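Structure data follow from protein29.cif (mmCIF, C-alpha atoms):
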data_my_file
#
loop_
_atom_site.label_atom_id
_atom_site.label_comp_id
_atom_site.auth_asym_id
_atom_site.auth_seq_id
_atom_site.Cartn_x
_atom_site.Cartn_y
_atom_site.Cartn_z
CA MET A 244 -29.23 -9.73 12.51
CA ALA A 245 -28.09 -8.34 9.17
CA GLN A 246 -24.60 -7.71 10.46
CA ALA A 247 -24.41 -11.21 11.79
CA GLN A 248 -25.29 -12.55 8.36
CA THR A 249 -22.70 -10.36 6.70
CA THR A 250 -20.06 -11.71 9.03
CA GLN A 251 -21.19 -15.21 8.25
CA ALA A 252 -21.08 -14.40 4.56
CA GLY A 253 -17.51 -13.13 4.92
CA THR A 254 -16.45 -16.26 6.67
CA GLU A 255 -18.01 -18.44 4.01
CA ALA A 256 -16.45 -16.43 1.22
CA HIS A 257 -13.08 -17.32 2.70
CA GLY A 258 -13.98 -20.97 2.45
CA GLY A 259 -15.18 -21.32 6.04
CA ALA A 260 -17.53 -24.19 6.81
CA HIS A 261 -21.12 -23.67 7.81
CA ALA A 262 -23.28 -26.04 9.77
CA ALA A 263 -25.97 -26.30 7.07
CA ASP A 264 -23.74 -26.97 4.05
CA ALA A 265 -20.50 -28.45 5.19
CA THR A 266 -18.68 -28.34 1.82
CA PHE A 267 -18.10 -25.35 -0.41
CA PRO A 268 -20.60 -25.97 -3.26
CA PRO A 269 -18.10 -26.13 -6.17
CA PHE A 270 -16.17 -28.76 -4.22
CA ALA A 271 -19.25 -30.87 -3.46
CA THR A 272 -18.05 -34.06 -5.12
CA GLU A 273 -21.49 -35.66 -5.19
CA THR A 274 -22.55 -33.16 -7.91
CA PHE A 275 -19.54 -33.91 -10.15
CA ALA A 276 -20.86 -36.98 -11.94
CA GLY A 277 -24.14 -35.33 -12.92
CA GLN A 278 -22.42 -32.15 -14.10
CA LEU A 279 -19.85 -34.11 -16.11
CA ILE A 280 -22.53 -36.18 -17.82
CA TRP A 281 -24.54 -33.11 -18.74
CA LEU A 282 -21.44 -31.21 -19.80
CA ALA A 283 -20.49 -34.11 -22.08
CA ILE A 284 -23.98 -34.29 -23.57
CA THR A 285 -24.19 -30.51 -24.02
CA PHE A 286 -20.70 -30.04 -25.41
CA VAL A 287 -20.94 -32.94 -27.85
CA LEU A 288 -24.29 -31.62 -29.03
CA LEU A 289 -22.95 -28.07 -29.27
CA TYR A 290 -19.85 -29.19 -31.15
CA THR A 291 -21.88 -31.31 -33.56
CA LEU A 292 -24.44 -28.60 -34.28
CA LEU A 293 -21.79 -25.92 -34.69
CA SER A 294 -19.42 -27.93 -36.88
CA LYS A 295 -22.13 -29.52 -39.04
CA LEU A 296 -24.71 -26.77 -39.27
CA VAL A 297 -23.79 -23.32 -37.98
CA LEU A 298 -20.15 -22.91 -38.96
CA PRO A 299 -20.47 -24.15 -42.55
CA ARG A 300 -23.29 -21.66 -42.97
CA LEU A 301 -21.33 -18.82 -41.38
CA SER A 302 -18.10 -19.62 -43.25
CA GLY A 303 -20.14 -19.99 -46.43
CA ILE A 304 -21.53 -16.48 -46.06
CA ILE A 305 -18.08 -15.00 -45.38
CA GLU A 306 -16.38 -17.03 -48.13
CA ASN A 307 -19.10 -16.16 -50.59
CA ARG A 308 -18.64 -12.46 -49.90
CA ARG A 309 -14.86 -12.75 -50.09
CA SER A 310 -14.96 -14.51 -53.47
CA LEU A 311 -17.55 -12.06 -54.77
CA ILE A 312 -15.37 -9.11 -53.77
CA ALA A 313 -12.32 -10.77 -55.30
CA LYS A 314 -14.26 -11.43 -58.50
CA ASP A 315 -15.50 -7.85 -58.62
CA LEU A 316 -11.96 -6.56 -58.05
CA ASP A 317 -10.64 -8.80 -60.83
CA GLU A 318 -13.36 -7.57 -63.15
CA ALA A 319 -12.59 -4.00 -62.25
CA ALA A 320 -8.87 -4.58 -62.93
CA ALA A 321 -9.68 -6.19 -66.29
CA MET A 322 -11.95 -3.28 -67.16
CA LYS A 323 -9.24 -0.83 -66.18
CA ILE A 324 -6.78 -2.60 -68.48
CA ARG A 325 -9.34 -2.51 -71.27
CA ALA A 326 -9.98 1.17 -70.65
CA GLU A 327 -6.25 1.85 -70.73
CA GLU A 328 -5.94 -0.11 -73.99
CA ALA A 329 -8.79 1.90 -75.46
CA GLY A 330 -7.05 5.07 -74.29
CA THR A 331 -3.80 4.04 -75.97
CA ALA A 332 -5.63 3.09 -79.16
CA TYR A 333 -7.40 6.43 -79.13
CA GLU A 334 -4.11 8.26 -78.65
CA LYS A 335 -2.59 6.31 -81.54
CA ALA A 336 -5.55 6.99 -83.80
CA LEU A 337 -5.42 10.65 -82.85
CA THR A 338 -1.70 10.90 -83.64
CA GLU A 339 -2.22 9.09 -86.94
CA ALA A 340 -5.13 11.32 -87.85
CA LYS A 341 -3.10 14.40 -86.95
CA GLY A 342 -0.21 13.20 -89.13
CA ARG A 343 -2.56 12.47 -91.99
CA ALA A 344 -4.27 15.80 -91.63
CA GLN A 345 -0.91 17.55 -91.66
CA ALA A 346 0.23 15.65 -94.74
CA LEU A 347 -3.05 16.45 -96.46
CA ALA A 348 -2.75 20.11 -95.55
CA GLN A 349 0.86 20.15 -96.79
CA GLU A 350 -0.17 18.51 -100.05
CA THR A 351 -3.09 20.85 -100.56
CA ARG A 352 -0.96 23.85 -99.81
CA ALA A 353 1.73 22.69 -102.25
CA LYS A 354 -0.89 22.00 -104.93
CA LEU A 355 -2.55 25.35 -104.41
CA ALA A 356 0.81 27.09 -104.45
CA ALA A 357 1.77 25.33 -107.69
CA GLU A 358 -1.59 26.15 -109.24
CA SER A 359 -1.43 29.77 -108.29
CA ASP A 360 2.17 29.88 -109.45
CA ALA A 361 1.22 28.49 -112.82
CA LYS A 362 -1.74 30.86 -113.07
CA ARG A 363 0.44 33.78 -112.13
CA LYS A 364 3.04 32.75 -114.71
CA SER A 365 0.51 32.41 -117.50
CA LEU A 366 -1.02 35.72 -116.46
CA GLU A 367 2.40 37.34 -116.49
CA ALA A 368 3.17 35.86 -119.87
CA ASP A 369 -0.17 37.10 -121.16
CA LEU A 370 0.45 40.51 -119.74
CA ASN A 371 3.96 40.63 -121.19
CA LYS A 372 2.60 39.61 -124.53
CA ARG A 373 -0.08 42.26 -124.36
CA LEU A 374 2.46 44.77 -123.21
CA ALA A 375 4.70 43.94 -126.09
CA GLU A 376 1.74 44.18 -128.46
CA SER A 377 0.73 47.51 -127.02
CA GLU A 378 4.29 48.74 -127.26
CA ALA A 379 4.39 47.64 -130.88
CA THR A 380 1.08 49.39 -131.53
CA ILE A 381 2.32 52.51 -129.80
CA ALA A 382 5.50 52.42 -131.81
CA SER A 383 3.65 52.01 -135.10
CA LYS A 384 1.15 54.71 -134.14
CA LYS A 385 4.04 56.93 -133.22
CA THR A 386 5.77 56.34 -136.53
CA GLU A 387 2.49 56.87 -138.29
CA ALA A 388 1.88 60.05 -136.33
CA MET A 389 5.39 61.21 -137.01
CA SER A 390 4.89 60.66 -140.69
CA HIS A 391 1.81 62.81 -140.55
CA VAL A 392 3.69 65.57 -138.66
CA ARG A 393 5.62 66.64 -141.75
CA GLY A 394 2.43 66.92 -143.80
CA ILE A 395 0.73 68.88 -141.05
CA ALA A 396 3.79 71.13 -140.69
CA ALA A 397 3.86 71.71 -144.41
CA GLU A 398 0.15 72.44 -144.52
CA THR A 399 0.45 74.70 -141.49
CA ALA A 400 3.46 76.48 -142.94
CA THR A 401 1.67 76.88 -146.31
CA ALA A 402 -1.43 78.22 -144.51
CA ILE A 403 0.63 80.68 -142.45
CA VAL A 404 2.61 81.85 -145.42
CA GLU A 405 -0.60 82.20 -147.44
CA ARG A 406 -2.18 84.34 -144.73
CA ILE A 407 0.83 86.55 -144.41
CA THR A 408 1.71 86.87 -148.05
CA GLY A 409 -1.67 86.22 -149.60
CA LYS A 410 -0.09 83.73 -151.90
CA ALA A 411 0.58 80.06 -151.41
CA PRO A 412 4.23 79.17 -151.42
CA ALA A 413 5.62 76.62 -153.73
CA LYS A 414 5.50 73.13 -152.45
CA GLN A 415 9.24 72.55 -153.03
CA ALA A 416 10.07 75.74 -151.07
CA VAL A 417 8.10 74.55 -148.04
CA GLU A 418 9.68 71.14 -148.20
CA ALA A 419 13.14 72.75 -148.39
CA ALA A 420 12.36 75.01 -145.47
CA LEU A 421 11.14 72.07 -143.47
CA ASP A 422 14.25 70.08 -144.24
CA GLN A 423 16.31 73.06 -143.20
CA THR A 424 14.51 73.40 -139.86
CA LYS A 425 14.78 69.78 -139.18
CA ALA A 426 18.45 69.83 -139.81
CA MET B 261 -30.71 -13.01 3.02
CA ALA B 262 -28.80 -15.67 1.06
CA SER B 263 -25.14 -16.28 1.74
CA PRO B 264 -22.69 -15.30 -1.06
CA ILE B 265 -21.89 -18.90 -1.85
CA GLU B 266 -25.46 -20.09 -2.05
CA GLN B 267 -25.45 -19.05 -5.72
CA PHE B 268 -22.98 -21.84 -6.45
CA GLN B 269 -25.22 -24.52 -4.96
CA VAL B 270 -26.05 -27.21 -7.48
CA LYS B 271 -29.74 -27.99 -7.02
CA PRO B 272 -31.52 -30.88 -8.65
CA ILE B 273 -34.35 -30.10 -11.06
CA ILE B 274 -35.12 -33.56 -12.42
CA PRO B 275 -33.30 -35.89 -10.00
CA ALA B 276 -34.10 -39.01 -12.04
CA ILE B 277 -31.72 -37.99 -14.84
CA ASN B 278 -29.40 -35.95 -12.62
CA PHE B 279 -30.63 -32.75 -14.30
CA THR B 280 -29.61 -29.82 -12.08
CA ASN B 281 -29.58 -26.04 -12.37
CA SER B 282 -25.99 -26.45 -13.60
CA SER B 283 -27.18 -28.79 -16.37
CA LEU B 284 -29.98 -26.39 -17.21
CA PHE B 285 -27.57 -23.54 -17.83
CA MET B 286 -25.19 -25.73 -19.83
CA VAL B 287 -28.06 -26.71 -22.10
CA GLY B 288 -29.27 -23.10 -22.02
CA ALA B 289 -25.86 -21.81 -23.13
CA ALA B 290 -25.72 -24.32 -25.99
CA ALA B 291 -29.26 -23.44 -27.02
CA VAL B 292 -28.48 -19.71 -26.93
CA ILE B 293 -25.33 -20.24 -29.04
CA VAL B 294 -26.89 -22.47 -31.69
CA GLY B 295 -30.22 -20.64 -31.73
CA GLY B 296 -28.59 -17.22 -31.76
CA LEU B 297 -26.15 -18.05 -34.54
CA LEU B 298 -28.82 -19.73 -36.67
CA TYR B 299 -31.12 -16.76 -36.17
CA ALA B 300 -28.30 -14.31 -37.00
CA THR B 301 -27.38 -16.12 -40.22
CA ARG B 302 -30.95 -16.95 -41.35
CA LYS B 303 -30.86 -14.47 -44.25
CA LYS B 304 -27.34 -15.38 -45.43
CA ALA B 305 -27.16 -11.76 -46.49
CA LEU B 306 -24.29 -10.47 -48.59
CA ILE B 307 -24.48 -7.21 -46.68
CA PRO B 308 -24.91 -8.34 -43.08
CA GLY B 309 -27.43 -6.89 -40.68
CA ARG B 310 -26.62 -6.29 -37.04
CA ALA B 311 -27.11 -9.85 -35.81
CA GLN B 312 -25.25 -11.36 -38.75
CA SER B 313 -22.39 -8.87 -38.22
CA VAL B 314 -22.03 -10.05 -34.63
CA ALA B 315 -21.97 -13.69 -35.75
CA GLU B 316 -19.37 -12.91 -38.44
CA ILE B 317 -17.24 -10.90 -36.01
CA LEU B 318 -17.27 -13.81 -33.53
CA HIS B 319 -16.34 -16.21 -36.35
CA ASP B 320 -13.51 -14.03 -37.65
CA PHE B 321 -12.28 -13.24 -34.14
CA VAL B 322 -11.89 -16.91 -33.21
CA ALA B 323 -10.53 -17.78 -36.66
CA ASN B 324 -7.91 -15.01 -36.42
CA THR B 325 -6.94 -15.95 -32.87
CA LEU B 326 -6.49 -19.56 -34.00
CA THR B 327 -4.56 -18.87 -37.22
CA ASP B 328 -2.36 -16.24 -35.58
CA THR B 329 -1.15 -18.85 -33.12
CA THR B 330 -1.19 -22.08 -35.11
CA GLY B 331 -1.12 -20.99 -38.74
CA ARG B 332 -3.49 -22.13 -41.49
CA GLU B 333 -3.28 -25.83 -40.55
CA GLY B 334 -4.82 -24.98 -37.17
CA MET B 335 -8.15 -24.37 -38.90
CA LYS B 336 -8.96 -28.09 -38.58
CA PHE B 337 -9.51 -27.33 -34.89
CA PHE B 338 -11.68 -24.32 -35.65
CA PRO B 339 -15.06 -25.92 -34.79
CA PHE B 340 -13.58 -27.19 -31.52
CA VAL B 341 -12.03 -23.86 -30.53
CA PHE B 342 -15.12 -21.94 -31.63
CA SER B 343 -17.37 -24.26 -29.57
CA LEU B 344 -15.12 -23.83 -26.53
CA PHE B 345 -14.97 -20.05 -26.84
CA MET B 346 -18.69 -19.66 -27.42
CA PHE B 347 -19.56 -22.06 -24.61
CA VAL B 348 -17.32 -20.39 -22.04
CA LEU B 349 -18.30 -16.88 -23.15
CA THR B 350 -22.02 -17.62 -23.13
CA ALA B 351 -21.89 -19.48 -19.82
CA ASN B 352 -19.94 -16.58 -18.27
CA LEU B 353 -22.32 -13.94 -19.62
CA LEU B 354 -25.45 -15.90 -18.71
CA GLY B 355 -24.09 -16.03 -15.18
CA MET B 356 -24.11 -12.21 -15.12
CA ILE B 357 -27.91 -12.18 -15.25
CA PRO B 358 -29.16 -11.93 -11.65
CA GLY B 359 -30.55 -15.22 -10.38
CA PHE B 360 -28.89 -17.24 -13.13
CA PHE B 361 -26.47 -20.05 -12.36
CA THR B 362 -22.87 -19.67 -13.52
CA THR B 363 -21.82 -23.02 -14.96
CA THR B 364 -18.19 -21.92 -15.33
CA SER B 365 -17.94 -21.27 -11.59
CA GLN B 366 -17.99 -25.05 -11.09
CA ILE B 367 -14.44 -26.40 -10.99
CA VAL B 368 -15.57 -29.75 -12.32
CA VAL B 369 -16.89 -28.04 -15.45
CA THR B 370 -13.80 -25.90 -16.07
CA PHE B 371 -11.51 -28.83 -15.32
CA ALA B 372 -13.43 -31.04 -17.73
CA LEU B 373 -13.08 -28.40 -20.46
CA ALA B 374 -9.35 -27.98 -19.74
CA PHE B 375 -8.90 -31.75 -19.73
CA LEU B 376 -10.69 -31.91 -23.06
CA VAL B 377 -8.19 -29.39 -24.49
CA ILE B 378 -5.13 -31.19 -23.14
CA GLY B 379 -6.59 -34.55 -24.15
CA THR B 380 -7.07 -33.27 -27.68
CA VAL B 381 -3.47 -31.98 -27.72
CA ILE B 382 -2.05 -35.31 -26.51
CA VAL B 383 -4.19 -37.52 -28.77
CA TYR B 384 -3.68 -35.39 -31.87
CA GLY B 385 0.03 -34.93 -31.06
CA PHE B 386 0.68 -38.68 -30.93
CA VAL B 387 -1.60 -39.48 -33.89
CA ALA B 388 -0.07 -36.84 -36.14
CA HIS B 389 3.59 -37.02 -35.05
CA GLY B 390 3.96 -40.35 -33.23
CA LEU B 391 6.88 -40.38 -30.82
CA HIS B 392 8.20 -37.20 -32.41
CA PHE B 393 5.54 -35.47 -30.31
CA LEU B 394 7.77 -36.13 -27.28
CA HIS B 395 10.26 -33.60 -28.71
CA LEU B 396 7.91 -31.14 -27.08
CA PHE B 397 9.71 -31.96 -23.83
CA THR B 398 13.24 -31.75 -25.25
CA PRO B 399 13.70 -28.28 -26.71
CA SER B 400 16.48 -28.05 -29.30
CA GLY B 401 19.62 -26.03 -28.59
CA VAL B 402 19.83 -27.01 -24.94
CA PRO B 403 23.25 -28.21 -23.65
CA GLY B 404 23.34 -31.97 -22.92
CA TRP B 405 23.93 -31.73 -19.18
CA LEU B 406 20.94 -29.38 -18.86
CA LEU B 407 18.56 -31.56 -20.90
CA PRO B 408 17.30 -33.80 -18.06
CA PHE B 409 16.39 -30.78 -15.93
CA ILE B 410 14.74 -28.99 -18.84
CA THR B 411 12.79 -32.12 -19.73
CA VAL B 412 11.54 -32.49 -16.18
CA ILE B 413 10.55 -28.81 -16.11
CA GLU B 414 8.81 -29.12 -19.48
CA ILE B 415 6.86 -32.16 -18.32
CA ILE B 416 5.79 -30.45 -15.11
CA SER B 417 4.76 -27.33 -17.03
CA PHE B 418 2.81 -29.49 -19.49
CA LEU B 419 1.03 -31.32 -16.69
CA SER B 420 0.21 -28.09 -14.89
CA ARG B 421 -1.52 -26.69 -17.97
CA PRO B 422 -4.97 -28.25 -17.43
CA ILE B 423 -4.80 -27.22 -13.79
CA SER B 424 -3.89 -23.59 -14.47
CA LEU B 425 -6.32 -23.42 -17.40
CA SER B 426 -9.26 -24.69 -15.34
CA LEU B 427 -8.39 -22.91 -12.08
CA ARG B 428 -7.99 -19.52 -13.79
CA LEU B 429 -11.49 -19.58 -15.25
CA PHE B 430 -13.07 -21.13 -12.17
CA ALA B 431 -11.40 -18.73 -9.71
CA ASN B 432 -12.20 -15.65 -11.77
CA MET B 433 -15.88 -16.48 -12.10
CA LEU B 434 -16.16 -17.62 -8.48
CA ALA B 435 -14.38 -14.61 -6.98
CA GLY B 436 -16.26 -12.13 -9.13
CA HIS B 437 -19.66 -13.49 -8.23
CA ILE B 438 -18.79 -13.71 -4.53
CA ALA B 439 -17.55 -10.10 -4.56
CA LEU B 440 -20.73 -8.93 -6.26
CA LYS B 441 -22.89 -10.77 -3.77
CA VAL B 442 -20.88 -9.52 -0.77
CA PHE B 443 -21.16 -5.88 -1.84
CA GLY B 444 -24.83 -6.38 -2.62
CA GLY B 445 -25.21 -7.83 0.87
CA PHE B 446 -23.44 -4.79 2.37
CA VAL B 447 -26.01 -2.48 0.80
CA VAL B 448 -28.84 -4.33 2.51
CA SER B 449 -26.97 -4.73 5.80
CA LEU B 450 -26.04 -1.05 6.03
CA GLY B 451 -29.47 0.03 4.86
CA THR B 452 -31.22 -1.84 7.62
CA ALA B 453 -28.67 -1.11 10.36
CA GLY B 454 -30.05 2.22 11.53
CA ILE B 455 -30.67 5.83 10.46
CA GLY B 456 -27.06 7.04 10.58
CA ILE B 457 -25.42 3.97 9.09
CA ALA B 458 -28.09 3.66 6.39
CA LEU B 459 -26.68 6.83 4.82
CA LEU B 460 -23.51 4.85 4.02
CA SER B 461 -25.35 2.15 2.09
CA PRO B 462 -25.02 3.87 -1.35
CA LEU B 463 -21.24 3.40 -1.12
CA PRO B 464 -21.25 -0.41 -1.51
CA LEU B 465 -24.02 0.04 -4.11
CA LEU B 466 -21.65 2.17 -6.19
CA MET B 467 -19.00 -0.50 -5.68
CA ALA B 468 -21.43 -3.19 -6.83
CA VAL B 469 -22.25 -1.20 -9.97
CA GLY B 470 -18.55 -0.81 -10.76
CA LEU B 471 -17.92 -4.48 -10.04
CA THR B 472 -20.76 -5.47 -12.36
CA ALA B 473 -19.07 -3.65 -15.22
CA LEU B 474 -15.75 -5.25 -14.27
CA GLU B 475 -17.37 -8.69 -14.15
CA PHE B 476 -18.70 -8.29 -17.70
CA LEU B 477 -15.14 -7.50 -18.75
CA VAL B 478 -13.82 -10.52 -16.84
CA ALA B 479 -16.50 -12.77 -18.35
CA ALA B 480 -15.43 -11.88 -21.89
CA LEU B 481 -11.72 -11.69 -21.06
CA GLN B 482 -11.58 -15.11 -19.39
CA ALA B 483 -13.35 -16.68 -22.35
CA TYR B 484 -10.71 -15.08 -24.58
CA VAL B 485 -7.83 -16.17 -22.32
CA PHE B 486 -9.18 -19.72 -22.27
CA THR B 487 -9.35 -19.67 -26.07
CA VAL B 488 -5.90 -18.18 -26.60
CA LEU B 489 -4.29 -20.71 -24.27
CA THR B 490 -6.18 -23.50 -26.04
CA CYS B 491 -4.74 -22.24 -29.33
CA ILE B 492 -1.22 -22.13 -27.88
CA TYR B 493 -1.52 -25.70 -26.57
CA LEU B 494 -2.96 -26.88 -29.89
CA ASN B 495 0.03 -25.28 -31.59
CA ASP B 496 2.24 -27.65 -29.59
CA ALA B 497 0.25 -30.57 -30.96
CA LEU B 498 0.51 -29.24 -34.51
CA HIS B 499 4.18 -28.23 -34.38
CA PRO B 500 6.02 -30.09 -31.62
CA GLY B 501 9.72 -29.42 -31.11
CA HIS B 502 9.45 -25.65 -31.45
#
Since I need it in another form, could you write the structure as structure tokens?
Amino acid sequence: MAQAQTTQAGTEAHGGAHAADATFPPFATETFAGQLIWLAITFVLLYTLLSKLVLPRLSGIIENRRSLIAKDLDEAAAMKIRAEEAGTAYEKALTEAKGRAQALAQETRAKLAAESDAKRKSLEADLNKRLAESEATIASKKTEAMSHVRGIAAETATAIVERITGKAPAKQAVEAALDQTKA
Amino acid sequence: MASPIEQFQVKPIIPAINFTNSSLFMVGAAAVIVGGLLYATRKKALIPGRAQSVAEILHDFVANTLTDTTGREGMKFFPFVFSLFMFVLTANLLGMIPGFFTTTSQIVVTFALAFLVIGTVIVYGFVAHGLHFLHLFTPSGVPGWLLPFITVIEIISFLSRPISLSLRLFANMLAGHIALKVFGGFVVSLGTAGIGIALLSPLPLLMAVGLTALEFLVAALQAYVFTVLTCIYLNDALHPGH
């Protein structure tokens, strides 16, 4: 029974006719008109709904996203340019500040050097003056001391002679002796 | 057990308005397309969910197929091509559900769709280019003595387009469904044939499983082929003389 049906099925699959349904169903021309009418109704309806309702909505979503992404990218690019500008400005400001700092340091150094130079010079001059004064003092003291030396020598010589001889020598004799020794 | 071609039988549902099971599945396909796409895009989300992603992928897929073949100006046919693709694809896939009628296995349906495509090409070709549209049949750069032959060949090839377009879809859907039914029938026949032979019945079952997967591929592929060929023919209407 089952095998018989399979055989029949095979025959029909090859387009063989069967007693019950003489024509192969897709070629049954009496169904064509009805199918065409319903296909026309369905397809016109489908086309209308899709083109007027569904596709504008779908394209709108996609277009909206696309423009939003493009806008965001543009904004990001603009921000990047601004950031780069800020970076350049910062670099410039930094270089300027460095230059100014260097100039200021140079100036300060020069000023300090000049100040210390002047101070040193005045100090040196002061010291030289004081040195000269001291030298003058020393020289005068020396002369003064030297002038006393003769008196002391005379007194010493008189005292020595007096101790030895018991009698003070004459002042002229001591002076003469001193002159002699000196010569 | 039903014969493998019984599934193609057009049966009346409401005879008064000629509404048959074929009509039901045409309307069903349209309802699934419109309803599904409206449901998928109901949120109009910037970051699409799963359903909206599918809708967007279908949109972009058809749009890319169309613009790749016809260029930007082809987008005026986008609703038409999208409707065709969605209708054929949905009708094919609905037919894969057991017990459902496959509208695209009716040659009158596929021929009507193919005729619609060629009709659009001819009407738009003459409206947009006038008699220049006839340059389609006289390719440039052909030697004069060869031109009559080439023109005849071009005309025959143009006229055979609706036939090949409709037959390809029809034959693929028809053959696939018959093969599925035949192998399904083998499972039952072998299973009831006796103890020893019944052991063989899993073999056609395996075949039927494999064929089912293949038929899903064919359902999608034939919808795509139909769409691509539509785009190519529309390109002739947009740019004749290429």
_the PyMOL selection byres ((chain A and resi 280-282) around 12) applied to the shown file, residues as number ranges by chain_ = A: 274-279, 283-290; B: 277-290, 344, 347-348, 351, 363-364, 366, 368-373, 376
*asked:* Please report the interatomic distance between CA of Gly436 (chain B) and CA of Ile317 (chain B) in Å with one decimal.
replied: 26.9 Å
*asked:* Distance cut-off 8 Å, counting only C-alpha atoms - which residues of chain B neighbour chain A? Return them as a ChimeraX atom specification.
replied: /B:261,263-266,268-270,278-280,282-283,286-287,290,294,297-298,301,304-306,315-316,319,339-340,343,365-369,372,438,442,445-446,448-449,452-453
Residue selection dump (C-alpha atoms) as a PDB file, in the frame of the given file:
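The resulting file, again28.pdb, is shown below:
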ATOM      1  CA  MET B 261     -30.710 -13.010   3.020  1.00  0.00           C
ATOM      2  CA  SER B 263     -25.140 -16.280   1.740  1.00  0.00           C
ATOM      3  CA  PRO B 264     -22.690 -15.300  -1.060  1.00  0.00           C
ATOM      4  CA  ILE B 265     -21.890 -18.900  -1.850  1.00  0.00           C
ATOM      5  CA  GLU B 266     -25.460 -20.090  -2.050  1.00  0.00           C
ATOM      6  CA  PHE B 268     -22.980 -21.840  -6.450  1.00  0.00           C
ATOM      7  CA  GLN B 269     -25.220 -24.520  -4.960  1.00  0.00           C
ATOM      8  CA  VAL B 270     -26.050 -27.210  -7.480  1.00  0.00           C
ATOM      9  CA  ASN B 278     -29.400 -35.950 -12.620  1.00  0.00           C
ATOM     10  CA  PHE B 279     -30.630 -32.750 -14.300  1.00  0.00           C
ATOM     11  CA  THR B 280     -29.610 -29.820 -12.080  1.00  0.00           C
ATOM     12  CA  SER B 282     -25.990 -26.450 -13.600  1.00  0.00           C
ATOM     13  CA  SER B 283     -27.180 -28.790 -16.370  1.00  0.00           C
ATOM     14  CA  MET B 286     -25.190 -25.730 -19.830  1.00  0.00           C
ATOM     15  CA  VAL B 287     -28.060 -26.710 -22.100  1.00  0.00           C
ATOM     16  CA  ALA B 290     -25.720 -24.320 -25.990  1.00  0.00           C
ATOM     17  CA  VAL B 294     -26.890 -22.470 -31.690  1.00  0.00           C
ATOM     18  CA  LEU B 297     -26.150 -18.050 -34.540  1.00  0.00           C
ATOM     19  CA  LEU B 298     -28.820 -19.730 -36.670  1.00  0.00           C
ATOM     20  CA  THR B 301     -27.380 -16.120 -40.220  1.00  0.00           C
ATOM     21  CA  LYS B 304     -27.340 -15.380 -45.430  1.00  0.00           C
ATOM     22  CA  ALA B 305     -27.160 -11.760 -46.490  1.00  0.00           C
ATOM     23  CA  LEU B 306     -24.290 -10.470 -48.590  1.00  0.00           C
ATOM     24  CA  ALA B 315     -21.970 -13.690 -35.750  1.00  0.00           C
ATOM     25  CA  GLU B 316     -19.370 -12.910 -38.440  1.00  0.00           C
ATOM     26  CA  HIS B 319     -16.340 -16.210 -36.350  1.00  0.00           C
ATOM     27  CA  PRO B 339     -15.060 -25.920 -34.790  1.00  0.00           C
ATOM     28  CA  PHE B 340     -13.580 -27.190 -31.520  1.00  0.00           C
ATOM     29  CA  SER B 343     -17.370 -24.260 -29.570  1.00  0.00           C
ATOM     30  CA  SER B 365     -17.940 -21.270 -11.590  1.00  0.00           C
ATOM     31  CA  GLN B 366     -17.990 -25.050 -11.090  1.00  0.00           C
ATOM     32  CA  ILE B 367     -14.440 -26.400 -10.990  1.00  0.00           C
ATOM     33  CA  VAL B 368     -15.570 -29.750 -12.320  1.00  0.00           C
ATOM     34  CA  VAL B 369     -16.890 -28.040 -15.450  1.00  0.00           C
ATOM     35  CA  ALA B 372     -13.430 -31.040 -17.730  1.00  0.00           C
ATOM     36  CA  ILE B 438     -18.790 -13.710  -4.530  1.00  0.00           C
ATOM     37  CA  VAL B 442     -20.880  -9.520  -0.770  1.00  0.00           C
ATOM     38  CA  GLY B 445     -25.210  -7.830   0.870  1.00  0.00           C
ATOM     39  CA  PHE B 446     -23.440  -4.790   2.370  1.00  0.00           C
ATOM     40  CA  VAL B 448     -28.840  -4.330   2.510  1.00  0.00           C
ATOM     41  CA  SER B 449     -26.970  -4.730   5.800  1.00  0.00           C
ATOM     42  CA  THR B 452     -31.220  -1.840   7.620  1.00  0.00           C
ATOM     43  CA  ALA B 453     -28.670  -1.110  10.360  1.00  0.00           C
TER      44      ALA B 453
END
_Atom pair CA of Thr472 (chain B) / CA of His437 (chain B): separation (Å)_ = 9.1 Å
_Output check: residues returned by the PyMOL selection byres ((chain B and resi 399) around 12), as an MDAnalysis selection string_ = chainID B and resid 392:398 400:404 406:415 496 500:502
For the provided coordinates, the residues matched by the PyMOL selection byres ((chain B and resi 422) around 8) should be stated as a short mmCIF file (atom, residue, chain, number, x, y, z; two decimals) with C-alpha atoms, in the frame of the given file.
data_model
loop_
_atom_site.label_atom_id
_atom_site.label_comp_id
_atom_site.auth_asym_id
_atom_site.auth_seq_id
_atom_site.Cartn_x
_atom_site.Cartn_y
_atom_site.Cartn_z
CA PHE B 371 -11.51 -28.83 -15.32
CA ALA B 374 -9.35 -27.98 -19.74
CA PHE B 375 -8.90 -31.75 -19.73
CA VAL B 377 -8.19 -29.39 -24.49
CA ILE B 378 -5.13 -31.19 -23.14
CA LEU B 419 1.03 -31.32 -16.69
CA SER B 420 0.21 -28.09 -14.89
CA ARG B 421 -1.52 -26.69 -17.97
CA ILE B 423 -4.80 -27.22 -13.79
CA SER B 424 -3.89 -23.59 -14.47
CA LEU B 425 -6.32 -23.42 -17.40
CA SER B 426 -9.26 -24.69 -15.34
#
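One finds CA of Ala353 (chain A) at 23.9 Å from CA of Leu337 (chain A).
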*asked:* I'd like the neighbourhood of region 475-477 of chain B as a list of chain:residue names, where a residue qualifies if any of its atoms comes within 12 Å (using only C-alpha atoms), though same-chain residues fewer than 6 positions away should be ignored.
replied: B:Leu349, B:Thr350, B:Ala351, B:Asn352, B:Leu353, B:Leu354, B:Gly355, B:Met356, B:Ile357, B:Asn432, B:Met433, B:Leu434, B:Ala435, B:Gly436, B:His437, B:Ile438, B:Ala439, B:Leu440, B:Lys441, B:Met467, B:Ala468, B:Val469, B:Ala483, B:Tyr484, B:Val485
